[in-house]
file my_file07.csv (CSV, C-alpha atoms and all ligand atoms)
chain,number,residue,atom,x,y,z
T,656,SER,CA,-60.1,-96.9,208.2
T,657,HIS,CA,-63.3,-95.1,209.2
T,658,LEU,CA,-61.9,-94.4,212.6
T,659,VAL,CA,-58.7,-93.0,211.1
T,660,ASP,CA,-60.8,-90.8,208.8
T,661,ARG,CA,-62.8,-89.5,211.7
T,662,ILE,CA,-59.7,-88.6,213.8
T,663,ALA,CA,-58.2,-86.9,210.8
T,664,ALA,CA,-61.5,-85.1,210.2
T,665,GLY,CA,-61.2,-83.5,213.6
T,666,GLU,CA,-58.2,-81.5,212.4
T,667,VAL,CA,-60.1,-79.9,209.5
T,668,VAL,CA,-63.5,-79.8,211.2
T,669,GLU,CA,-63.5,-79.0,214.9
T,670,ARG,CA,-67.0,-77.5,215.2
T,671,PRO,CA,-69.9,-76.3,213.0
T,672,ALA,CA,-68.1,-73.0,212.3
T,673,SER,CA,-65.1,-74.7,210.8
T,674,ALA,CA,-67.3,-76.9,208.6
T,675,LEU,CA,-69.2,-73.7,207.6
T,676,LYS,CA,-66.0,-71.9,206.8
T,677,GLU,CA,-64.9,-74.7,204.5
T,678,LEU,CA,-68.2,-74.8,202.7
T,679,ILE,CA,-68.4,-71.1,202.1
T,680,GLU,CA,-64.8,-71.1,200.8
T,681,ASN,CA,-65.8,-73.8,198.4
T,682,SER,CA,-68.7,-71.7,197.2
T,683,LEU,CA,-66.5,-68.7,196.7
T,684,ASP,CA,-63.9,-70.9,194.9
T,685,ALA,CA,-66.7,-72.1,192.6
T,686,GLY,CA,-67.4,-68.5,191.5
T,687,ALA,CA,-70.6,-68.0,193.5
T,688,THR,CA,-72.2,-64.5,193.3
T,689,ARG,CA,-74.5,-65.4,196.2
T,690,VAL,CA,-74.1,-67.6,199.2
T,691,ASP,CA,-77.1,-68.6,201.4
T,692,VAL,CA,-76.4,-70.1,204.8
T,693,ARG,CA,-79.0,-71.8,207.0
T,694,LEU,CA,-78.2,-72.9,210.5
T,695,ALA,CA,-80.1,-74.7,213.2
T,696,ALA,CA,-79.1,-74.9,216.9
T,697,GLY,CA,-75.9,-73.0,216.2
T,698,GLY,CA,-75.0,-75.4,213.4
T,699,LEU,CA,-75.1,-78.5,215.7
T,700,ASP,CA,-78.3,-79.7,214.1
T,701,LEU,CA,-77.8,-78.2,210.6
T,702,VAL,CA,-75.3,-76.3,208.6
T,703,GLU,CA,-76.5,-75.7,205.0
T,704,VAL,CA,-74.7,-73.6,202.4
T,705,SER,CA,-76.3,-73.0,199.0
T,706,ASP,CA,-74.5,-71.2,196.1
T,707,ASP,CA,-75.0,-70.2,192.5
T,708,GLY,CA,-71.5,-71.3,191.5
T,709,THR,CA,-70.4,-73.6,188.7
T,710,GLY,CA,-72.0,-76.7,190.2
T,711,MET,CA,-70.8,-80.2,189.7
T,712,ALA,CA,-71.8,-83.0,187.3
T,713,PRO,CA,-72.8,-86.3,189.0
T,714,ASP,CA,-69.3,-87.9,188.5
T,715,GLU,CA,-67.7,-84.8,189.9
T,716,LEU,CA,-70.0,-85.0,192.9
T,717,ARG,CA,-68.7,-88.5,193.6
T,718,LEU,CA,-65.2,-87.4,193.2
T,719,ALA,CA,-65.6,-84.4,195.5
T,720,ILE,CA,-66.2,-86.6,198.5
T,721,GLU,CA,-63.1,-88.8,197.9
T,722,ARG,CA,-60.2,-87.9,200.1
T,723,HIS,CA,-57.6,-85.8,198.4
T,724,ALA,CA,-59.7,-85.3,195.3
T,725,THR,CA,-59.5,-81.6,194.5
T,726,SER,CA,-60.1,-79.8,191.2
T,727,LYS,CA,-57.8,-77.1,192.5
T,728,LEU,CA,-54.3,-78.7,192.4
T,729,PRO,CA,-51.9,-75.9,192.0
T,730,ASN,CA,-49.8,-75.8,188.9
T,731,GLU,CA,-48.1,-72.7,190.2
T,732,ALA,CA,-46.1,-72.3,193.3
T,733,ILE,CA,-48.4,-72.9,196.3
T,734,GLU,CA,-48.2,-69.2,197.4
T,735,GLU,CA,-49.5,-68.2,194.0
T,736,VAL,CA,-52.8,-70.2,194.4
T,737,ALA,CA,-55.6,-67.7,194.6
T,738,SER,CA,-58.3,-70.0,195.6
T,739,PHE,CA,-59.1,-70.7,199.3
T,740,GLY,CA,-58.7,-74.5,199.2
T,741,PHE,CA,-56.6,-76.9,197.2
T,742,ARG,CA,-56.2,-79.8,199.6
T,743,GLY,CA,-59.3,-81.9,198.8
T,744,GLU,CA,-60.0,-82.7,202.4
T,745,ALA,CA,-62.9,-80.7,203.6
T,746,LEU,CA,-65.8,-82.5,202.0
T,747,PRO,CA,-64.7,-86.1,202.8
T,748,SER,CA,-63.8,-85.0,206.3
T,749,ILE,CA,-67.1,-83.4,207.0
T,750,ALA,CA,-69.0,-86.3,205.3
T,751,SER,CA,-67.2,-88.8,207.6
T,752,VAL,CA,-68.6,-87.2,210.8
T,753,ALA,CA,-72.1,-86.1,209.9
T,754,ARG,CA,-75.2,-86.8,207.9
T,755,PHE,CA,-74.1,-85.2,204.7
T,756,THR,CA,-76.2,-84.3,201.6
T,757,LEU,CA,-74.5,-82.8,198.5
T,758,GLU,CA,-76.8,-81.5,195.8
T,759,SER,CA,-75.5,-79.9,192.7
T,760,ARG,CA,-76.5,-78.8,189.2
T,761,VAL,CA,-74.4,-77.5,186.3
T,762,ARG,CA,-76.1,-74.9,184.3
T,763,GLY,CA,-78.1,-76.5,181.4
T,764,ALA,CA,-78.1,-80.0,183.0
T,765,ASP,CA,-80.1,-81.8,185.6
T,766,GLY,CA,-79.3,-81.8,189.3
T,767,TRP,CA,-77.9,-84.7,191.2
T,768,ARG,CA,-77.9,-85.6,194.9
T,769,LEU,CA,-75.5,-87.7,197.1
T,770,GLU,CA,-76.2,-88.7,200.6
T,771,ILE,CA,-73.5,-89.9,203.0
T,772,ASP,CA,-74.1,-91.0,206.6
T,773,HIS,CA,-70.9,-90.7,208.7
T,774,GLY,CA,-68.8,-91.8,205.8
T,775,VAL,CA,-71.1,-94.4,204.4
T,776,PRO,CA,-72.9,-93.6,201.1
T,777,VAL,CA,-76.6,-94.2,201.7
T,778,GLY,CA,-78.2,-92.9,198.5
T,779,GLU,CA,-78.1,-90.8,195.4
T,780,GLY,CA,-80.5,-89.6,192.8
T,781,PRO,CA,-81.9,-86.7,190.8
T,782,ALA,CA,-82.3,-83.4,192.6
T,783,ALA,CA,-84.3,-80.3,191.9
T,784,LEU,CA,-82.3,-77.2,192.6
T,785,PRO,CA,-81.3,-74.1,190.7
T,786,PRO,CA,-77.8,-74.2,189.0
T,787,GLY,CA,-75.2,-74.3,191.8
T,788,THR,CA,-74.5,-76.4,194.8
T,789,ARG,CA,-76.2,-77.0,198.1
T,790,VAL,CA,-74.4,-78.8,201.0
T,791,ARG,CA,-76.3,-79.9,204.1
T,792,VAL,CA,-74.5,-81.1,207.2
T,793,GLU,CA,-76.7,-82.5,209.9
T,794,ASP,CA,-75.9,-83.9,213.3
T,795,LEU,CA,-72.2,-83.1,213.2
T,796,PHE,CA,-70.2,-85.5,215.3
T,797,GLY,CA,-73.5,-87.3,216.2
T,798,LYS,CA,-71.8,-90.6,216.1
T,799,VAL,CA,-68.4,-89.4,217.3
T,800,PRO,CA,-69.0,-88.8,221.1
T,801,ALA,CA,-65.3,-88.1,221.7
T,802,ARG,CA,-65.7,-85.1,219.4
T,803,ARG,CA,-69.2,-84.2,220.2
T,804,LYS,CA,-68.3,-83.6,223.9
T,805,PHE,CA,-65.9,-80.8,222.9
T,806,LEU,CA,-68.7,-78.9,221.3
T,807,ARG,CA,-70.1,-76.0,223.2
T,808,SER,CA,-73.7,-74.7,223.6
T,809,PRO,CA,-75.8,-73.9,220.6
T,810,ARG,CA,-75.4,-70.2,221.5
T,811,ALA,CA,-71.6,-70.4,221.5
T,812,GLU,CA,-71.4,-72.4,218.4
T,813,TYR,CA,-73.8,-70.0,216.7
T,814,ALA,CA,-71.5,-67.1,217.7
T,815,ALA,CA,-68.6,-68.8,216.0
T,816,CYS,CA,-70.6,-69.5,212.9
T,817,LEU,CA,-71.7,-65.8,212.7
T,818,ASP,CA,-68.1,-64.8,213.1
T,819,ALA,CA,-67.1,-67.0,210.2
T,820,VAL,CA,-69.8,-65.7,207.9
T,821,ARG,CA,-69.0,-62.1,208.8
T,822,ARG,CA,-65.3,-62.5,208.1
T,823,LEU,CA,-65.9,-64.2,204.7
T,824,ALA,CA,-68.6,-61.6,203.8
T,825,MET,CA,-66.1,-58.9,204.5
T,826,ALA,CA,-63.4,-60.6,202.4
T,827,ARG,CA,-65.8,-60.8,199.5
T,828,ALA,CA,-67.9,-57.6,199.5
T,829,ASP,CA,-68.8,-58.4,195.8
T,830,VAL,CA,-70.8,-61.5,196.8
T,831,ALA,CA,-74.3,-61.5,198.2
T,832,PHE,CA,-74.8,-63.3,201.5
T,833,THR,CA,-77.7,-64.3,203.7
T,834,LEU,CA,-77.7,-66.0,207.0
T,835,ASP,CA,-80.7,-67.7,208.7
T,836,HIS,CA,-80.5,-69.1,212.2
T,837,ASP,CA,-83.4,-71.2,213.6
T,838,GLY,CA,-85.7,-69.8,210.9
T,839,ARG,CA,-84.8,-66.2,211.6
T,840,ARG,CA,-83.1,-64.0,209.0
T,841,ILE,CA,-79.9,-62.7,210.7
T,842,LEU,CA,-77.9,-61.2,207.8
T,843,SER,CA,-78.9,-60.1,204.3
T,844,LEU,CA,-76.1,-58.5,202.4
T,845,ALA,CA,-76.3,-57.3,198.8
T,846,PRO,CA,-73.1,-57.0,196.8
T,847,ALA,CA,-71.4,-53.8,197.8
T,848,ALA,CA,-68.3,-51.8,197.7
T,849,LEU,CA,-65.9,-52.7,200.5
T,850,PRO,CA,-66.5,-49.6,202.7
T,851,ALA,CA,-70.3,-50.2,202.6
T,852,ARG,CA,-69.9,-53.9,203.3
T,853,VAL,CA,-67.6,-53.2,206.2
T,854,ALA,CA,-70.0,-50.6,207.6
T,855,ALA,CA,-72.9,-53.1,207.3
T,856,LEU,CA,-70.9,-55.7,209.3
T,857,LEU,CA,-69.1,-53.6,211.9
T,858,ASP,CA,-70.5,-51.7,214.8
T,859,SER,CA,-72.6,-48.8,213.4
T,860,GLY,CA,-70.9,-46.3,215.8
T,861,LEU,CA,-67.8,-46.7,213.6
T,862,SER,CA,-69.2,-44.3,211.0
T,863,GLU,CA,-68.8,-41.6,213.6
T,864,HIS,CA,-65.8,-42.9,215.5
T,865,GLY,CA,-63.8,-44.6,212.7
T,866,LEU,CA,-60.6,-43.5,211.1
T,867,PRO,CA,-60.1,-44.6,207.4
T,868,ILE,CA,-56.7,-46.1,206.8
T,869,ASP,CA,-54.9,-46.1,203.5
T,870,LEU,CA,-51.1,-46.6,203.7
T,871,ASP,CA,-48.5,-47.8,201.3
T,872,ARG,CA,-44.9,-48.7,202.2
T,873,ASN,CA,-42.4,-50.7,200.2
T,874,GLY,CA,-45.1,-52.4,198.2
T,875,ILE,CA,-47.1,-53.3,201.2
T,876,ARG,CA,-50.6,-51.8,201.5
T,877,LEU,CA,-52.7,-51.3,204.6
T,878,GLY,CA,-56.3,-50.2,204.1
T,879,GLY,CA,-59.6,-50.3,206.0
T,880,VAL,CA,-60.9,-48.6,209.0
T,881,VAL,CA,-60.0,-48.5,212.7
T,882,SER,CA,-61.8,-47.0,215.7
T,883,LEU,CA,-60.6,-43.9,217.5
T,884,PRO,CA,-59.2,-44.6,221.0
T,885,THR,CA,-62.4,-43.2,222.4
T,886,PHE,CA,-64.4,-46.0,220.8
T,887,THR,CA,-63.4,-49.4,222.0
T,888,ARG,CA,-64.6,-52.8,223.2
T,889,GLY,CA,-64.0,-55.0,226.1
T,890,ALA,CA,-63.4,-57.9,223.8
T,891,ALA,CA,-61.4,-58.3,220.6
T,892,ASP,CA,-64.4,-59.8,218.8
T,893,GLN,CA,-64.7,-56.8,216.5
T,894,GLN,CA,-61.3,-57.1,214.9
T,895,PHE,CA,-61.4,-58.3,211.3
T,896,LEU,CA,-58.0,-58.8,209.8
T,897,PHE,CA,-57.3,-59.8,206.2
T,898,VAL,CA,-54.2,-60.7,204.3
T,899,ASN,CA,-54.5,-60.5,200.6
T,900,ALA,CA,-58.3,-60.6,201.0
T,901,ARG,CA,-58.3,-63.7,203.2
T,902,PRO,CA,-59.6,-63.6,206.7
T,903,VAL,CA,-56.8,-64.3,209.2
T,904,LYS,CA,-56.4,-64.4,213.0
T,905,ASP,CA,-52.7,-63.9,213.3
T,906,ARG,CA,-50.6,-63.3,216.4
T,907,LEU,CA,-48.2,-60.8,214.8
T,908,LEU,CA,-51.0,-58.7,213.4
T,909,VAL,CA,-53.0,-58.7,216.6
T,910,GLY,CA,-49.8,-57.8,218.6
T,911,ALA,CA,-49.0,-55.0,216.2
T,912,LEU,CA,-52.5,-53.7,216.6
T,913,ARG,CA,-52.3,-53.8,220.3
T,914,ALA,CA,-48.9,-52.0,220.2
T,915,ALA,CA,-50.4,-49.2,217.9
T,916,TYR,CA,-53.0,-48.4,220.6
T,917,GLN,CA,-50.7,-48.9,223.6
T,918,ASP,CA,-51.0,-46.0,226.1
T,919,LEU,CA,-54.0,-44.7,224.1
T,920,ILE,CA,-56.6,-47.1,225.5
T,921,ALA,CA,-56.9,-49.1,228.7
T,922,ARG,CA,-55.1,-52.5,228.6
T,923,GLU,CA,-58.3,-54.5,228.7
T,924,ARG,CA,-59.9,-52.5,225.9
T,925,SER,CA,-59.7,-53.3,222.2
T,926,PRO,CA,-60.2,-51.1,219.1
T,927,ILE,CA,-62.8,-52.1,216.5
T,928,VAL,CA,-61.0,-52.6,213.2
T,929,ALA,CA,-61.4,-54.0,209.7
T,930,LEU,CA,-57.9,-54.0,208.2
T,931,PHE,CA,-56.8,-55.3,204.9
T,932,LEU,CA,-53.1,-56.0,204.4
T,933,GLU,CA,-52.0,-56.5,200.8
T,934,LEU,CA,-48.5,-57.7,199.9
T,935,PRO,CA,-46.8,-59.5,197.0
T,936,GLY,CA,-47.5,-63.3,197.0
T,937,ASP,CA,-43.9,-64.1,197.5
T,938,GLN,CA,-43.8,-62.1,200.8
T,939,VAL,CA,-46.4,-64.2,202.6
T,940,ASP,CA,-47.5,-67.8,203.1
T,941,ILE,CA,-51.1,-68.2,204.3
T,942,ASN,CA,-51.8,-71.9,203.7
T,943,VAL,CA,-49.9,-73.2,206.7
T,944,HIS,CA,-52.6,-75.5,208.1
T,945,PRO,CA,-56.1,-76.3,207.0
T,946,ALA,CA,-57.9,-75.5,210.2
T,947,LYS,CA,-55.8,-72.5,211.3
T,948,THR,CA,-55.2,-69.3,209.6
T,949,GLU,CA,-51.6,-68.7,210.4
T,950,VAL,CA,-49.6,-66.4,208.3
T,951,ARG,CA,-45.9,-66.4,207.7
T,952,PHE,CA,-44.4,-63.1,206.5
T,953,ALA,CA,-41.0,-62.9,204.7
T,954,ASP,CA,-40.4,-59.7,206.6
T,955,PRO,CA,-42.4,-59.8,209.8
T,956,GLN,CA,-40.6,-56.7,211.3
T,957,GLY,CA,-41.5,-54.7,208.2
T,958,VAL,CA,-45.2,-55.7,208.5
T,959,ARG,CA,-45.3,-54.9,212.2
T,960,GLY,CA,-43.5,-51.6,211.6
T,961,LEU,CA,-46.1,-50.6,209.0
T,962,ILE,CA,-49.0,-51.4,211.2
T,963,VAL,CA,-47.6,-49.9,214.4
T,964,GLY,CA,-46.0,-46.9,212.8
T,965,GLY,CA,-48.8,-46.3,210.3
T,966,LEU,CA,-51.7,-46.5,212.6
T,967,ARG,CA,-49.9,-44.6,215.3
T,968,SER,CA,-49.3,-41.6,213.0
T,969,ALA,CA,-52.8,-41.8,211.6
T,970,LEU,CA,-54.2,-41.7,215.1
T,971,ASP,CA,-51.8,-38.8,215.9
T,972,GLN,CA,-53.0,-36.8,213.0
T,973,ALA,CA,-56.6,-37.4,214.1
T,974,GLY,CA,-55.7,-35.7,217.3
T,975,HIS,CA,-55.0,-38.7,219.6
T,1001,LIG,P1,-60.7,-78.4,198.1
T,1001,LIG,O1,-61.6,-77.2,198.2
T,1001,LIG,O2,-59.5,-78.3,198.9
T,1001,LIG,O3,-60.5,-78.7,196.6
T,1001,LIG,P2,-62.9,-79.8,199.2
T,1001,LIG,O4,-63.0,-81.2,199.9
T,1001,LIG,O5,-63.3,-78.6,199.9
T,1001,LIG,O6,-61.5,-79.7,198.7
T,1001,LIG,O7,-63.8,-79.9,197.8
T,1001,LIG,C1,-63.5,-80.9,196.9
T,1001,LIG,C2,-63.8,-80.6,195.5
T,1001,LIG,O8,-65.3,-80.5,195.4
T,1001,LIG,C3,-63.4,-79.2,195.1
T,1001,LIG,O9,-62.1,-79.2,194.6
T,1001,LIG,C4,-64.4,-78.8,194.0
T,1001,LIG,O10,-64.0,-79.3,192.8
T,1001,LIG,C5,-65.6,-79.5,194.5
T,1001,LIG,N1,-66.6,-78.6,195.2
T,1001,LIG,C6,-66.7,-78.5,196.5
T,1001,LIG,N2,-67.7,-77.6,196.8
T,1001,LIG,C7,-68.1,-77.1,195.7
T,1001,LIG,C8,-69.1,-76.0,195.3
T,1001,LIG,N3,-69.8,-75.4,196.3
T,1001,LIG,N4,-69.3,-75.8,194.0
T,1001,LIG,C9,-68.6,-76.4,193.1
T,1001,LIG,N5,-67.7,-77.4,193.3
T,1001,LIG,C10,-67.4,-77.7,194.6
T,1002,MG,MG,-62.4,-76.6,200.0

call {"tool": "encode", "arguments": {"input": "my_file07.csv", "output": "structure tokens"}}
result
Amino acid sequence: SHLVDRIAAGEVVERPASALKELIENSLDAGATRVDVRLAAGGLDLVEVSDDGTGMAPDELRLAIERHATSKLPNEAIEEVASFGFRGEALPSIASVARFTLESRVRGADGWRLEIDHGVPVGEGPAALPPGTRVRVEDLFGKVPARRKFLRSPRAEYAACLDAVRRLAMARADVAFTLDHDGRRILSLAPAALPARVAALLDSGLSEHGLPIDLDRNGIRLGGVVSLPTFTRGAADQQFLFVNARPVKDRLLVGALRAAYQDLIARERSPIVALFLELPGDQVDINVHPAKTEVRFADPQGVRGLIVGGLRSALDQAGH
């Protein structure tokens, strides 16, 4: 059954960045106002996430690492669930493929610690930490060579981790974030209004070469900032897309973006964007698969039309 667990785990946790994403989402779900991330060797040696959220009592800690144990079971229709996760799979999956330490403390109570080694509980006891939760993932896939060999260099894994932190930090501008990598402070973000958070995380040239977007059509809102056609990148790594405040990487949205800039920039160039699409919950399904962020729109043509048409006329008005 351990083998089955580990194969299944690969679907939720493919690499350090996917574990990191799940852990940060849990912190945000727990009402954290600050999230501190520490990585070593691109997350291959260590992924640690600390938060000041609600914390868990010792019995809740034990439950949290049991498969399909979630405190977030929806009592509404699935599309109504506001929290990031409701599947109860992330922690047990990660704990089955790493050395895993879970420490937590509820305000006004003592802290407790659980240690799991590749799915096997190896210890628990009192823990000294501030109210909140700290999760440490060491040696991810260390005993799962079939998975470990698909991991890339520390540098590439680090880039993916940084990307995950930036996307979630943009989705939740009201939350403070820090990121340390190999002992160096990489990001330190105080709670901010969205434009300030976006500015702190996107290319600084955007303050000069950016175009603010604020569109509304048939109950669908598109806000954020896009770069003018004169300010582009060779790669699409500076495109941050959100649907109802959740980071997504969606084909339709990326395609619409490309279409909006068609003929304005060279084919191999990409605009720098942070775009926030907001639409009623019954118009969109974001929870398609745990490890992917696919989005299903009730009216894909309408969404595409808003992005292509809206951005196009905004760029026109800006003189392009
Ligand atoms: P899910 O998020 O889908 O419920 P997880 O495996 O990610 O499943 O987490 C299992 C449970 O552990 C959560 O439902 C939550 O009750 C608890 N939990 C996980 N991380 C935290 C955290 N950082 N703070 C408080 N509770 C947490
Ligand atoms: Mg979760």

call {"tool": "closest_residue", "arguments": {"input": "my_file07.csv", "among": "T:Ala851, T:Leu757, T:Val820, T:Leu966", "to": "Glu793 (chain T)", "atoms": "all atoms listed in the file"}}
result
T:Leu757

call {"tool": "atom_distance", "arguments": {"input": "my_file07.csv", "atom1": "CA of Arg888 (chain T)", "atom2": "CA of Ser925 (chain T)"}}
result
5.0 Å

call {"tool": "closest_residue", "arguments": {"input": "my_file07.csv", "among": "T:Met711, T:Leu746, T:Ala782, T:Leu930", "to": "ligand MG 1002 (chain T)", "atoms": "all atoms listed in the file"}}
result
T:Leu746

call {"tool": "residues_around", "arguments": {"input": "my_file07.csv", "residues": "Gly865 (chain T)", "least_positions_apart": "3", "cutoff": "12 Å", "atoms": "only C-alpha atoms", "output": "number ranges by chain"}}
result
T: 850, 853-854, 857-862, 868, 879-887, 926-930, 969-970, 973

call {"tool": "atom_distance", "arguments": {"input": "my_file07.csv", "atom1": "CA of Gln893 (chain T)", "atom2": "CA of Ala855 (chain T)"}}
result
12.9 Å

call {"tool": "closest_residue", "arguments": {"input": "my_file07.csv", "among": "T:Arg959, T:Lys676, T:His975, T:Arg760", "to": "Asp714 (chain T)", "atoms": "only C-alpha atoms"}}
result
T:Arg760

call {"tool": "closest_residue", "arguments": {"input": "my_file07.csv", "among": "T:Leu849, T:Leu823, T:Ala953, T:Leu701", "to": "Ile941 (chain T)", "atoms": "only C-alpha atoms"}}
result
T:Ala953

call {"tool": "residues_around", "arguments": {"input": "my_file07.csv", "residues": "Arg768 (chain T)", "least_positions_apart": "4", "cutoff": "8 Å", "atoms": "only C-alpha atoms", "output": "PyMOL selection string"}}
result
chain T and resi 713+756-759+779-782

call {"tool": "write_last_selection", "arguments": {"input": "my_file07.csv", "atoms": "C-alpha atoms", "output": "PDB file, in the frame of the given file"}}
result
ATOM      1  CA  PRO T 713     -72.800 -86.300 189.000  1.00  0.00           C
ATOM      2  CA  THR T 756     -76.200 -84.300 201.600  1.00  0.00           C
ATOM      3  CA  LEU T 757     -74.500 -82.800 198.500  1.00  0.00           C
ATOM      4  CA  GLU T 758     -76.800 -81.500 195.800  1.00  0.00           C
ATOM      5  CA  SER T 759     -75.500 -79.900 192.700  1.00  0.00           C
ATOM      6  CA  GLU T 779     -78.100 -90.800 195.400  1.00  0.00           C
ATOM      7  CA  GLY T 780     -80.500 -89.600 192.800  1.00  0.00           C
ATOM      8  CA  PRO T 781     -81.900 -86.700 190.800  1.00  0.00           C
ATOM      9  CA  ALA T 782     -82.300 -83.400 192.600  1.00  0.00           C
TER      10      ALA T 782
END

call {"tool": "atom_distance", "arguments": {"input": "my_file07.csv", "atom1": "CA of Ser968 (chain T)", "atom2": "CA of Gly874 (chain T)"}}
result
18.8 Å

call {"tool": "closest_residue", "arguments": {"input": "my_file07.csv", "among": "T:Val903, T:Ala687, T:Ala674, T:Ala750", "to": "Arg827 (chain T)", "atoms": "all atoms listed in the file"}}
result
T:Ala687

call {"tool": "closest_residue", "arguments": {"input": "my_file07.csv", "among": "T:Leu718, T:Ala695, T:Ala745, T:Leu912", "to": "ligand MG 1002 (chain T)", "atoms": "all atoms listed in the file"}}
result
T:Ala745

call {"tool": "residues_near_point", "arguments": {"input": "my_file07.csv", "point": "(-74.0, -71.0, 194.5)", "cutoff": "7 Å", "atoms": "all atoms listed in the file", "output": "VMD selection string"}}
result
chain T and resid 682 687 to 690 705 to 708 787 to 788

call {"tool": "decode", "arguments": {"input": "my_file07.csv", "residues": "region 815-827 of chain T", "atoms": "N, CA and C atoms", "output": "PDB file, in the first residue's frame"}}
result
ATOM      1  N   ALA T 815      11.208  27.273 -10.335  1.00  0.00           N
ATOM      2  CA  ALA T 815       9.802  26.874 -10.258  1.00  0.00           C
ATOM      3  C   ALA T 815       9.210  27.235  -8.895  1.00  0.00           C
ATOM      4  N   CYS T 816      10.020  27.094  -7.838  1.00  0.00           N
ATOM      5  CA  CYS T 816       9.548  27.466  -6.489  1.00  0.00           C
ATOM      6  C   CYS T 816       9.293  28.970  -6.406  1.00  0.00           C
ATOM      7  N   LEU T 817      10.238  29.747  -6.932  1.00  0.00           N
ATOM      8  CA  LEU T 817      10.089  31.199  -6.901  1.00  0.00           C
ATOM      9  C   LEU T 817       8.827  31.610  -7.655  1.00  0.00           C
ATOM     10  N   ASP T 818       8.605  30.968  -8.784  1.00  0.00           N
ATOM     11  CA  ASP T 818       7.411  31.248  -9.582  1.00  0.00           C
ATOM     12  C   ASP T 818       6.137  30.977  -8.768  1.00  0.00           C
ATOM     13  N   ALA T 819       6.123  29.860  -8.058  1.00  0.00           N
ATOM     14  CA  ALA T 819       4.939  29.506  -7.256  1.00  0.00           C
ATOM     15  C   ALA T 819       4.701  30.543  -6.154  1.00  0.00           C
ATOM     16  N   VAL T 820       5.779  30.968  -5.493  1.00  0.00           N
ATOM     17  CA  VAL T 820       5.633  31.966  -4.420  1.00  0.00           C
ATOM     18  C   VAL T 820       5.124  33.287  -4.994  1.00  0.00           C
ATOM     19  N   ARG T 821       5.702  33.691  -6.119  1.00  0.00           N
ATOM     20  CA  ARG T 821       5.290  34.972  -6.709  1.00  0.00           C
ATOM     21  C   ARG T 821       3.817  34.960  -7.089  1.00  0.00           C
ATOM     22  N   ARG T 822       3.362  33.852  -7.675  1.00  0.00           N
ATOM     23  CA  ARG T 822       1.952  33.783  -8.091  1.00  0.00           C
ATOM     24  C   ARG T 822       1.021  33.858  -6.887  1.00  0.00           C
ATOM     25  N   LEU T 823       1.347  33.111  -5.836  1.00  0.00           N
ATOM     26  CA  LEU T 823       0.467  33.126  -4.662  1.00  0.00           C
ATOM     27  C   LEU T 823       0.556  34.461  -3.925  1.00  0.00           C
ATOM     28  N   ALA T 824       1.742  35.071  -3.929  1.00  0.00           N
ATOM     29  CA  ALA T 824       1.894  36.380  -3.275  1.00  0.00           C
ATOM     30  C   ALA T 824       1.119  37.453  -4.034  1.00  0.00           C
ATOM     31  N   MET T 825       0.989  37.270  -5.340  1.00  0.00           N
ATOM     32  CA  MET T 825       0.208  38.223  -6.117  1.00  0.00           C
ATOM     33  C   MET T 825      -1.284  38.008  -5.899  1.00  0.00           C
ATOM     34  N   ALA T 826      -1.656  36.733  -5.717  1.00  0.00           N
ATOM     35  CA  ALA T 826      -3.066  36.417  -5.481  1.00  0.00           C
ATOM     36  C   ALA T 826      -3.522  36.937  -4.128  1.00  0.00           C
ATOM     37  N   ARG T 827      -2.591  37.036  -3.177  1.00  0.00           N
ATOM     38  CA  ARG T 827      -2.958  37.457  -1.818  1.00  0.00           C
ATOM     39  C   ARG T 827      -2.055  38.599  -1.357  1.00  0.00           C
TER      40      ARG T 827
END
